[in-house]
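Peer 1: My file is protein.txt. It has compact mmCIF, C-alpha atoms:
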```txt
# COMPACT_ATOMS: atom_id res chain seq x y z
CA MET A 1 107.25 131.87 78.18
CA SER A 2 105.41 130.43 75.21
CA VAL A 3 102.79 127.68 75.64
CA VAL A 4 104.88 125.26 73.61
CA ARG A 5 107.93 125.85 75.76
CA PHE A 6 105.88 125.48 78.97
CA ARG A 7 104.38 122.23 77.65
CA ASN A 8 107.79 120.87 76.72
CA ILE A 9 109.17 121.69 80.17
CA LEU A 10 106.25 119.77 81.69
CA TYR A 11 106.99 116.76 79.45
CA VAL A 12 110.61 116.80 80.61
CA ILE A 13 109.49 116.98 84.27
CA VAL A 14 107.01 114.12 83.69
CA ALA A 15 109.80 112.00 82.19
CA ILE A 16 112.18 112.76 85.08
CA VAL A 17 109.52 112.12 87.74
CA SER A 18 108.59 108.82 86.07
CA LEU A 19 112.23 107.71 86.49
CA ALA A 20 111.85 107.97 90.27
CA GLY A 21 108.74 105.81 90.08
CA LEU A 22 110.51 103.40 87.77
CA ALA A 23 113.41 102.94 90.20
CA ASP A 24 110.98 102.31 93.07
CA ALA A 25 108.95 99.81 91.01
CA ILE A 26 112.09 97.95 89.86
CA TYR A 27 113.22 97.62 93.48
CA LEU A 28 109.82 96.21 94.52
CA THR A 29 109.74 93.85 91.53
CA VAL A 30 113.16 92.46 92.43
CA GLN A 31 112.02 92.01 96.03
CA ALA A 32 109.01 90.05 94.83
CA LEU A 33 111.09 87.91 92.44
CA THR A 34 113.76 87.03 95.01
CA GLY A 35 111.05 86.05 97.46
CA GLU A 36 112.00 88.69 100.02
CA THR A 37 108.36 89.61 100.38
CA LEU A 38 107.65 86.05 101.53
CA ALA A 39 109.71 86.43 104.66
CA CYS A 40 109.85 88.78 107.64
CA GLY A 41 113.08 90.61 108.29
CA GLY A 42 112.58 94.27 107.54
CA SER A 43 109.59 96.48 108.17
CA PRO A 44 106.61 94.36 109.25
CA ASP A 45 104.10 96.76 107.69
CA CYS A 46 105.90 96.57 104.36
CA PHE A 47 105.75 92.83 104.49
CA ARG A 48 102.02 92.87 105.28
CA VAL A 49 101.44 94.85 102.11
CA LEU A 50 104.02 93.32 99.77
CA GLY A 51 103.45 89.76 100.96
CA SER A 52 99.66 90.01 100.71
CA GLN A 53 97.47 88.57 97.99
CA TYR A 54 96.87 92.11 96.71
CA ALA A 55 100.52 92.45 95.72
CA ARG A 56 100.15 89.88 92.93
CA ILE A 57 97.78 89.33 90.06
CA GLY A 58 98.00 85.61 89.48
CA ARG A 59 101.72 85.00 89.47
CA ILE A 60 102.66 88.49 88.35
CA PRO A 61 103.83 90.93 91.02
CA VAL A 62 101.88 94.20 90.86
CA ALA A 63 105.26 95.97 91.07
CA ALA A 64 106.17 94.50 87.66
CA LEU A 65 103.06 96.13 86.20
CA GLY A 66 104.14 99.35 87.93
CA THR A 67 107.54 99.08 86.25
CA LEU A 68 105.85 98.73 82.89
CA ALA A 69 103.54 101.67 83.65
CA TYR A 70 106.36 104.04 84.66
CA PHE A 71 108.41 102.98 81.65
CA SER A 72 105.38 103.72 79.44
CA VAL A 73 104.97 107.15 81.03
CA PHE A 74 108.62 107.94 80.32
CA THR A 75 108.24 106.68 76.75
CA PHE A 76 105.07 108.64 75.99
CA ALA A 77 106.40 111.83 77.61
CA THR A 78 109.59 111.56 75.54
CA PHE A 79 107.68 111.00 72.30
CA ALA A 80 105.26 113.81 73.13
CA LEU A 81 108.23 116.11 73.69
CA PHE A 82 109.47 115.28 70.20
CA GLY A 83 106.09 116.12 68.73
CA TYR A 84 104.51 112.72 68.22
CA ALA A 85 100.81 113.58 68.14
CA ARG A 86 99.29 110.50 69.75
CA ALA A 87 101.86 110.23 72.55
CA ARG A 88 100.00 112.76 74.67
CA LEU A 89 96.76 110.78 74.49
CA PHE A 90 98.56 107.58 75.53
CA LEU A 91 100.33 109.47 78.30
CA THR A 92 97.01 110.77 79.66
CA LEU A 93 95.39 107.31 79.47
CA THR A 94 98.34 105.62 81.21
CA VAL A 95 98.52 108.19 84.00
CA THR A 96 94.73 107.99 84.50
CA ALA A 97 94.92 104.19 84.83
CA MET A 98 97.83 104.57 87.28
CA PHE A 99 95.90 107.15 89.28
CA LEU A 100 92.90 104.83 89.62
CA ALA A 101 95.12 101.86 90.51
CA THR A 102 96.87 104.01 93.14
CA LEU A 103 93.52 104.92 94.73
CA TRP A 104 92.67 101.20 94.91
CA PHE A 105 96.01 100.30 96.51
CA LEU A 106 95.73 103.11 99.04
CA TYR A 107 92.24 101.84 99.94
CA VAL A 108 93.60 98.29 100.34
CA GLN A 109 96.45 99.49 102.59
CA ALA A 110 94.23 101.73 104.73
CA PHE A 111 91.08 99.67 105.09
CA VAL A 112 91.89 96.06 104.26
CA LEU A 113 95.47 95.44 105.37
CA HIS A 114 95.68 98.28 107.93
CA ALA A 115 99.36 98.65 107.05
CA TYR A 116 101.30 101.02 104.86
CA CYS A 117 104.42 100.21 102.87
CA ARG A 118 106.66 103.25 102.44
CA TYR A 119 107.74 102.14 98.95
CA CYS A 120 104.09 101.93 97.90
CA LEU A 121 103.40 105.34 99.43
CA PHE A 122 106.33 106.77 97.51
CA SER A 123 104.92 105.29 94.33
CA ALA A 124 101.51 106.77 95.15
CA ALA A 125 103.12 110.20 95.65
CA VAL A 126 104.90 109.91 92.29
CA THR A 127 101.67 108.94 90.55
CA PHE A 128 99.77 111.85 92.11
CA LEU A 129 102.54 114.21 91.02
CA LEU A 130 102.41 112.79 87.49
CA SER A 131 98.63 113.21 87.47
CA GLY A 132 98.99 116.85 88.50
CA LEU A 133 101.58 117.47 85.80
CA VAL A 134 99.42 115.84 83.12
CA ILE A 135 96.43 117.95 84.20
CA ALA A 136 98.64 121.05 84.05
CA LEU A 137 99.63 120.35 80.43
CA PRO A 138 98.24 123.12 78.22
CA PRO A 139 95.86 121.82 75.53
CA SER A 140 97.53 121.06 72.21
CA GLU A 141 96.81 123.31 69.22
CA SER A 142 95.33 120.43 67.23
CA MET B 143 118.63 112.33 63.59
CA LYS B 144 116.02 114.17 65.65
CA ARG B 145 113.40 111.77 64.34
CA TYR B 146 115.18 108.83 65.90
CA LEU B 147 116.24 110.53 69.12
CA PRO B 148 113.16 109.57 71.19
CA PHE B 149 113.62 105.94 70.13
CA ILE B 150 117.27 106.07 71.19
CA ILE B 151 116.43 107.69 74.55
CA VAL B 152 113.70 105.13 75.31
CA ALA B 153 115.92 102.23 74.21
CA VAL B 154 118.78 103.46 76.42
CA LEU B 155 116.43 103.73 79.40
CA GLY B 156 115.02 100.27 78.65
CA VAL B 157 118.48 98.72 78.60
CA ALA B 158 119.51 100.63 81.75
CA ALA B 159 116.34 99.54 83.58
CA ILE B 160 116.77 95.87 82.65
CA SER B 161 120.49 95.88 83.49
CA GLY B 162 119.90 97.67 86.78
CA GLY B 163 117.12 95.25 87.69
CA ALA B 164 119.31 92.26 86.80
CA ILE B 165 122.23 93.55 88.91
CA LEU B 166 119.91 94.21 91.86
CA TYR B 167 118.34 90.75 91.43
CA ARG B 168 121.73 89.05 91.51
CA ALA B 169 122.79 91.07 94.54
CA LYS B 170 119.61 90.28 96.41
CA LEU B 171 119.39 86.62 95.47
CA PRO B 172 119.51 84.82 98.82
CA HIS B 173 122.50 82.60 99.53
CA LEU B 174 121.24 79.38 101.00
CA LEU B 175 122.51 78.51 104.46
CA SER B 176 123.66 75.12 105.69
CA ILE B 177 123.97 73.87 109.23
CA PRO B 178 127.55 72.70 109.84
CA GLU B 179 127.91 69.16 111.14
CA ASP B 180 129.01 70.21 114.62
CA LYS B 181 125.83 72.24 115.00
CA ALA B 182 123.47 69.74 113.40
CA ILE B 183 120.75 68.21 115.56
CA SER B 184 122.04 64.70 114.79
CA SER B 185 125.33 65.65 116.51
CA ASN B 186 123.50 67.07 119.52
CA PRO B 187 120.55 64.73 120.01
CA ASP B 188 119.26 66.36 123.19
CA THR B 189 115.60 65.89 122.34
CA GLU B 190 114.61 67.03 125.83
CA LYS B 191 115.44 70.62 124.94
CA MET B 192 113.73 70.59 121.55
CA HIS B 193 110.12 70.88 120.50
CA ILE B 194 109.56 67.98 118.14
CA ARG B 195 106.46 67.19 116.15
CA GLY B 196 106.29 63.75 114.55
CA ASN B 197 108.55 60.77 115.16
CA PRO B 198 111.45 61.95 117.41
CA ASP B 199 113.77 59.40 115.76
CA ALA B 200 112.80 60.22 112.18
CA PRO B 201 115.69 60.29 109.72
CA VAL B 202 114.55 63.55 108.10
CA THR B 203 114.55 66.68 110.24
CA ILE B 204 112.78 69.89 109.36
CA GLU B 205 114.18 72.63 111.57
CA GLU B 206 112.15 75.79 111.47
CA PHE B 207 113.21 79.16 112.86
CA GLY B 208 109.96 81.01 113.29
CA ASP B 209 108.49 84.16 114.74
CA PHE B 210 104.89 83.95 115.98
CA GLU B 211 104.15 87.49 114.78
CA CYS B 212 105.49 86.91 111.27
CA PRO B 213 102.66 86.42 108.75
CA PRO B 214 104.62 84.14 106.36
CA CYS B 215 105.46 81.89 109.35
CA SER B 216 101.76 81.46 110.10
CA THR B 217 101.12 80.73 106.41
CA MET B 218 103.90 78.17 106.40
CA ALA B 219 102.97 76.42 109.69
CA PRO B 220 100.08 74.31 108.31
CA TYR B 221 102.15 73.35 105.26
CA LEU B 222 104.84 71.95 107.55
CA ASP B 223 102.35 70.12 109.79
CA ASP B 224 100.69 68.54 106.74
CA ARG B 225 104.03 67.32 105.42
CA VAL B 226 104.95 65.81 108.82
CA ASN B 227 101.68 63.85 108.75
CA GLU B 228 102.11 62.95 105.09
CA PHE B 229 105.61 61.54 105.55
CA LYS B 230 105.01 59.85 108.90
CA PRO B 231 107.17 58.27 110.39
CA HIS B 232 110.11 59.49 108.30
CA VAL B 233 109.93 63.18 109.17
CA ARG B 234 110.12 65.24 112.35
CA LEU B 235 109.63 68.96 112.75
CA VAL B 236 111.75 70.94 115.21
CA PHE B 237 110.64 74.47 116.05
CA ARG B 238 113.08 77.17 117.12
CA ASN B 239 112.10 80.60 118.38
CA PHE B 240 113.53 83.44 116.37
CA PRO B 241 111.50 86.51 117.41
CA LEU B 242 112.41 89.51 115.28
CA SER B 243 112.94 92.85 116.97
CA ALA B 244 110.76 94.51 114.33
CA HIS B 245 107.76 92.65 115.74
CA LYS B 246 106.45 94.26 118.92
CA HIS B 247 104.95 91.20 120.61
CA ALA B 248 106.98 88.40 119.03
CA HIS B 249 109.28 87.88 122.02
CA GLU B 250 106.35 87.74 124.44
CA ALA B 251 104.59 85.25 122.18
CA ALA B 252 107.72 83.07 122.14
CA LEU B 253 107.75 83.18 125.95
CA ALA B 254 104.07 82.16 125.97
CA ALA B 255 104.78 79.17 123.73
CA GLU B 256 107.73 78.10 125.87
CA ALA B 257 105.70 78.58 129.05
CA ALA B 258 103.01 76.33 127.57
CA GLY B 259 105.78 73.88 126.76
CA MET B 260 106.63 73.71 130.49
CA GLN B 261 103.21 72.08 130.92
CA GLY B 262 103.73 69.87 127.88
CA LYS B 263 101.57 71.91 125.53
CA PHE B 264 104.05 73.77 123.37
CA TRP B 265 102.55 72.68 120.07
CA GLU B 266 99.00 73.46 121.17
CA MET B 267 100.08 77.03 122.01
CA HIS B 268 102.18 77.19 118.82
CA ASP B 269 99.09 76.37 116.77
CA VAL B 270 96.84 78.85 118.59
CA LEU B 271 99.39 81.67 118.34
CA TYR B 272 99.73 81.24 114.60
CA ARG B 273 96.00 80.75 114.07
CA GLU B 274 95.10 83.84 116.12
CA GLN B 275 98.08 85.91 114.99
CA SER B 276 96.00 88.61 113.34
CA THR B 277 94.12 89.17 116.63
CA TRP B 278 96.82 89.29 119.30
CA SER B 279 99.48 90.95 117.17
CA LYS B 280 97.33 94.06 116.73
CA GLY B 281 96.53 94.60 120.41
CA ASP B 282 98.56 96.66 122.85
CA ASN B 283 98.42 94.05 125.55
CA PRO B 284 98.47 90.56 124.05
CA HIS B 285 99.20 89.02 127.46
CA GLU B 286 95.48 88.92 128.29
CA LEU B 287 94.84 87.01 125.09
CA PHE B 288 97.73 84.64 125.80
CA ASP B 289 96.09 83.89 129.17
CA ALA B 290 92.83 83.18 127.38
CA TYR B 291 94.57 80.85 124.93
CA ALA B 292 96.33 79.13 127.83
CA GLY B 293 92.95 78.48 129.46
CA THR B 294 91.47 77.24 126.18
CA ILE B 295 94.18 74.63 125.64
CA GLY B 296 93.83 73.42 129.21
CA LEU B 297 96.83 74.95 130.94
CA ASN B 298 97.02 75.97 134.54
CA VAL B 299 96.92 79.71 133.88
CA ALA B 300 98.58 80.76 137.16
CA GLU B 301 101.44 78.36 136.48
CA PHE B 302 101.62 79.57 132.87
CA ASN B 303 102.00 83.18 134.02
CA LYS B 304 104.68 82.22 136.50
CA ASP B 305 106.57 80.29 133.84
CA MET B 306 106.36 83.18 131.40
CA GLU B 307 108.35 85.26 133.87
CA SER B 308 110.82 82.49 134.67
CA GLU B 309 114.47 82.53 133.73
CA LYS B 310 114.24 79.01 132.34
CA VAL B 311 111.69 80.03 129.72
CA LYS B 312 113.65 83.17 128.80
CA GLU B 313 116.80 81.09 128.45
CA ARG B 314 115.07 78.69 126.07
CA VAL B 315 113.95 81.51 123.80
CA ASP B 316 117.37 83.17 123.98
CA SER B 317 119.18 79.92 123.27
CA ASP B 318 117.06 79.29 120.14
CA HIS B 319 117.66 82.85 119.00
CA ALA B 320 121.39 82.56 119.60
CA ARG B 321 121.48 79.33 117.58
CA GLY B 322 119.71 81.11 114.73
CA LEU B 323 122.15 84.01 114.80
CA SER B 324 125.13 81.64 114.86
CA LEU B 325 123.77 79.99 111.71
CA GLY B 326 123.50 83.36 109.97
CA ILE B 327 119.72 83.61 110.01
CA LYS B 328 118.30 87.06 109.35
CA MET B 329 114.69 86.46 108.44
CA THR B 330 111.76 84.22 109.26
CA PRO B 331 110.63 81.66 108.43
CA THR B 332 113.97 80.01 107.77
CA VAL B 333 113.58 76.30 107.29
CA PHE B 334 116.28 73.66 107.11
CA ILE B 335 115.63 70.18 105.80
CA ASN B 336 118.39 67.84 106.92
CA ASN B 337 120.62 70.87 107.54
CA HIS B 338 120.07 72.52 104.15
CA GLU B 339 118.03 75.70 103.89
CA LEU B 340 114.79 75.45 101.98
CA PRO B 341 114.90 77.87 99.02
CA GLN B 342 112.29 80.64 98.99
CA GLU B 343 110.56 79.32 95.89
CA LYS B 344 109.93 75.96 97.58
CA ARG B 345 107.98 77.48 100.45
CA ASN B 346 104.69 76.05 99.28
CA PRO B 347 103.01 72.64 99.69
CA GLU B 348 104.30 71.28 96.35
CA GLY B 349 107.84 72.60 96.84
CA LEU B 350 108.03 71.25 100.38
CA HIS B 351 106.67 67.88 99.26
CA GLY B 352 109.36 67.58 96.59
CA VAL B 353 112.27 68.50 98.88
CA ILE B 354 111.11 66.24 101.74
CA ASP B 355 110.41 63.36 99.36
CA GLU B 356 113.94 63.67 98.04
CA ALA B 357 115.40 63.77 101.57
CA VAL B 358 113.39 60.70 102.60
CA LYS B 359 114.58 58.77 99.53
CA GLU B 360 118.16 59.87 100.14
CA THR B 361 118.14 58.71 103.76
CA SER B 362 116.51 55.38 102.80
CA GLN B 363 119.22 54.81 100.19
CA THR B 364 121.97 55.64 102.68
CA LYS B 365 120.45 53.20 105.19
CA GLY B 366 120.15 50.53 102.48
CA LYS B 367 123.83 50.91 101.59
CA GLN B 368 124.86 50.71 105.25
CA LYS B 369 122.98 47.38 105.59
```
Render the structure in this file as structure tokens.

Peer 2:
Amino acid sequence: MSVVRFRNILYVIVAIVSLAGLADAIYLTVQALTGETLACGGSPDCFRVLGSQYARIGRIPVAALGTLAYFSVFTFATFALFGYARARLFLTLTVTAMFLATLWFLYVQAFVLHAYCRYCLFSAAVTFLLSGLVIALPPSES
Amino acid sequence: MKRYLPFIIVAVLGVAAISGGAILYRAKLPHLLSIPEDKAISSNPDTEKMHIRGNPDAPVTIEEFGDFECPPCSTMAPYLDDRVNEFKPHVRLVFRNFPLSAHKHAHEAALAAEAAGMQGKFWEMHDVLYREQSTWSKGDNPHELFDAYAGTIGLNVAEFNKDMESEKVKERVDSDHARGLSLGIKMTPTVFINNHELPQEKRNPEGLHGVIDEAVKETSQTKGKQK
């Protein structure tokens, strides 16, 4: 298999994986917007995380930023697949920022809130997978 | 065509994501509950069986279904108390136990509050349980802490323990819970102001102030017309 083909397959996988993260982030954003995170009814641990001060930046739910991030990953991976030169750089920067944010949120869940939300853990898993895929991308010829 | 394909793919995903989010939002948007007249407190004014804070004859009733282990309930509790004081003597707060099964110690905490109520100190225990929620809710045996709280608020601890085991206290918790279920309540806190559920976005000091202020004005106008 040629390097170009391998790289393109990885871009396709990145785009597909980002869709899973996007669906998760949209669900969490809707929960935050409907106020479901401000009431107890489902998993108590999920509430502790999603209803905490760490789940919002000002009035913006962190999940909304996650939605934007996953959408960006999909966009950059798609453009990179079609040969847009700068898309790969933006993809790497976005995934790096997401990786760092994920580390912070895992720290908050483990050591500050002492509760884990399964939707957040799923998102963390998706981000780690995306990070691995981006690292695995063969260097471009340019 | 190939040049525009990534734009088309991204645009399609963007539209799909926004549409999907909007459909989910509409589906999840809570439908506000109302208490039917035959179940309203005004139709069943048995104040003996209720825990009331504020003027028992106040024209505006805030009925809260709460769970002592639910973090948003503990956040909401001081907001409600402040509004009762602010709108004295027009507002009364009625607390109903609605312990959720997802919360390990919520039922026991409700029993503790009711047992304190048997000695006339329901609200004192209510306040301590919410204030200390992060402590007792994490332990395996919160009963020891409940005993300590009972001592702190001046209860006879032996009596308190006996009451916690009593059928009367269990019945009170169960009866509140049954009332909540019959009204269609699924989550806590659920707050009714004069029989109308408080929307989620009003669960803050400003939102509460606005809704209560409106209810007070409405009841004053109704009284004025009746005179």

Peer 1: Any idea what's packed within 9 Å of Asn346 (chain B), counting only C-alpha atoms, ignoring anything in its chain fewer than 5 positions away? Could you give it as a ChimeraX atom specification?

Peer 2: /B:218,221,351

Peer 1: Which distance in Å separates CA of Leu287 (chain B) and CA of Asp224 (chain B), to one decimal?

Peer 2: 26.7 Å

Peer 1: Taking only C-alpha atoms into account, find every residue of chain B that has an atom no more than 8 Å from chain A, and write it out as a VMD selection string.

Peer 2: chain B and resid 145 148 151 to 152 156 159 163 166 to 167 170 to 172 212 to 215 242 244 to 245 328 to 331 342 to 343

Peer 1: Which centre and edge lengths in Å to one decimal define the box along x, y and z that fits every listed atom of region 61-68 of chain A plus 3 Å per side, as lines of an AutoDock Vina configuration file?

Peer 2:
```
center_x = 104.7
center_y = 95.1
center_z = 87.0
size_x = 11.7
size_y = 14.4
size_z = 14.2
```

Peer 1: Name all residues at most 10 Å from Val3 (chain A) (count only C-alpha atoms; drop same-chain ones fewer than 5 positions away) and give them as JSON, numbers by chain.

Peer 2: {"A": [8, 9, 137, 138, 139, 140, 141]}

Peer 1: Name the residues within 12 Å of (106.7, 84.5, 121.8), counting all atoms listed in the file in the file's coordinates, and put them as a VMD selection string.

Peer 2: chain B and resid 208 to 212 238 to 243 245 to 259 264 267 to 268 270 to 272 275 278 to 279 284 to 285 288 306 311 to 312 314 to 316 318 to 319

Peer 1: Between A:Val73, A:Leu121, A:Ala87, A:Ala101, which one has atoms that come closest to Ile16 (chain A), using all atoms listed in the file?

Peer 2: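 Residue with the minimum atom-to-atom distance to Ile16 (chain A): A:Val73.
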
Peer 1: What does the distance from CA of Leu68 (chain A) to CA of Val112 (chain A) come to in Å, to one decimal?

Peer 2: 25.7 Å

Peer 1: Which neighbours of Glu205 (chain B) fall inside 9 Å, counting all atoms listed in the file, when residues of the same chain fewer than 3 positions from it are skipped, and could you give them as a PDB file with C-alpha atoms, in the coordinates of the input?

Peer 2:
```
ATOM      1  CA  ILE B 183     120.750  68.210 115.560  1.00  0.00           C
ATOM      2  CA  ARG B 234     110.120  65.240 112.350  1.00  0.00           C
ATOM      3  CA  LEU B 235     109.630  68.960 112.750  1.00  0.00           C
ATOM      4  CA  VAL B 236     111.750  70.940 115.210  1.00  0.00           C
ATOM      5  CA  PHE B 237     110.640  74.470 116.050  1.00  0.00           C
ATOM      6  CA  ARG B 238     113.080  77.170 117.120  1.00  0.00           C
ATOM      7  CA  THR B 332     113.970  80.010 107.770  1.00  0.00           C
ATOM      8  CA  VAL B 333     113.580  76.300 107.290  1.00  0.00           C
ATOM      9  CA  PHE B 334     116.280  73.660 107.110  1.00  0.00           C
ATOM     10  CA  ILE B 335     115.630  70.180 105.800  1.00  0.00           C
ATOM     11  CA  ASN B 336     118.390  67.840 106.920  1.00  0.00           C
ATOM     12  CA  ASN B 337     120.620  70.870 107.540  1.00  0.00           C
TER      13      ASN B 337
END
```

Peer 1: I'd like the contact shell of Thr92 (chain A) - 9 Å cut-off, only C-alpha atoms, skipping same-chain residues fewer than 6 positions apart - returned as number ranges by chain.

Peer 2: A: 73, 131, 134-135

Peer 1: Could you write out that same residue set with C-alpha atoms as a tab-separated table (two decimals), keeping the file's coordinate frame?

Peer 2:
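Generated file (again32.tsv):
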```tsv
chain	number	residue	atom	x	y	z
A	73	VAL	CA	104.97	107.15	81.03
A	131	SER	CA	98.63	113.21	87.47
A	134	VAL	CA	99.42	115.84	83.12
A	135	ILE	CA	96.43	117.95	84.20
```

Peer 1: May I ask for the distance between CA of Ser216 (chain B) and CA of Tyr116 (chain A), given in Å to one decimal place?

Peer 2: 20.3 Å

Peer 1: From the list B:Thr203, B:Lys304, B:Thr294, B:Pro178, which residue is nearest Val353 (chain B) when using only C-alpha atoms?

Peer 2: B:Thr203

Peer 1: Using only C-alpha atoms and a cutoff of 12 Å, can you tell me which residues are near (106.2, 110.9, 91.4) in the file's coordinates, and write them out as a PyMOL selection string?

Peer 2: chain A and resi 13-25+70+73-74+95+98-99+102+119-134

Peer 1: Looking at A:Val108, A:Ala115, A:Ala69, A:Leu103, which one is nearest to Phe90 (chain A), with distances taken over all atoms listed in the file?

Peer 2: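 So, comparing all the options, the nearest one is A:Ala69.
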
Peer 1: Gly352 (chain B): which residues within 12 Å, counting only C-alpha atoms, same-chain residues fewer than 4 positions away excluded, as a count of residues only?

Peer 2: 15
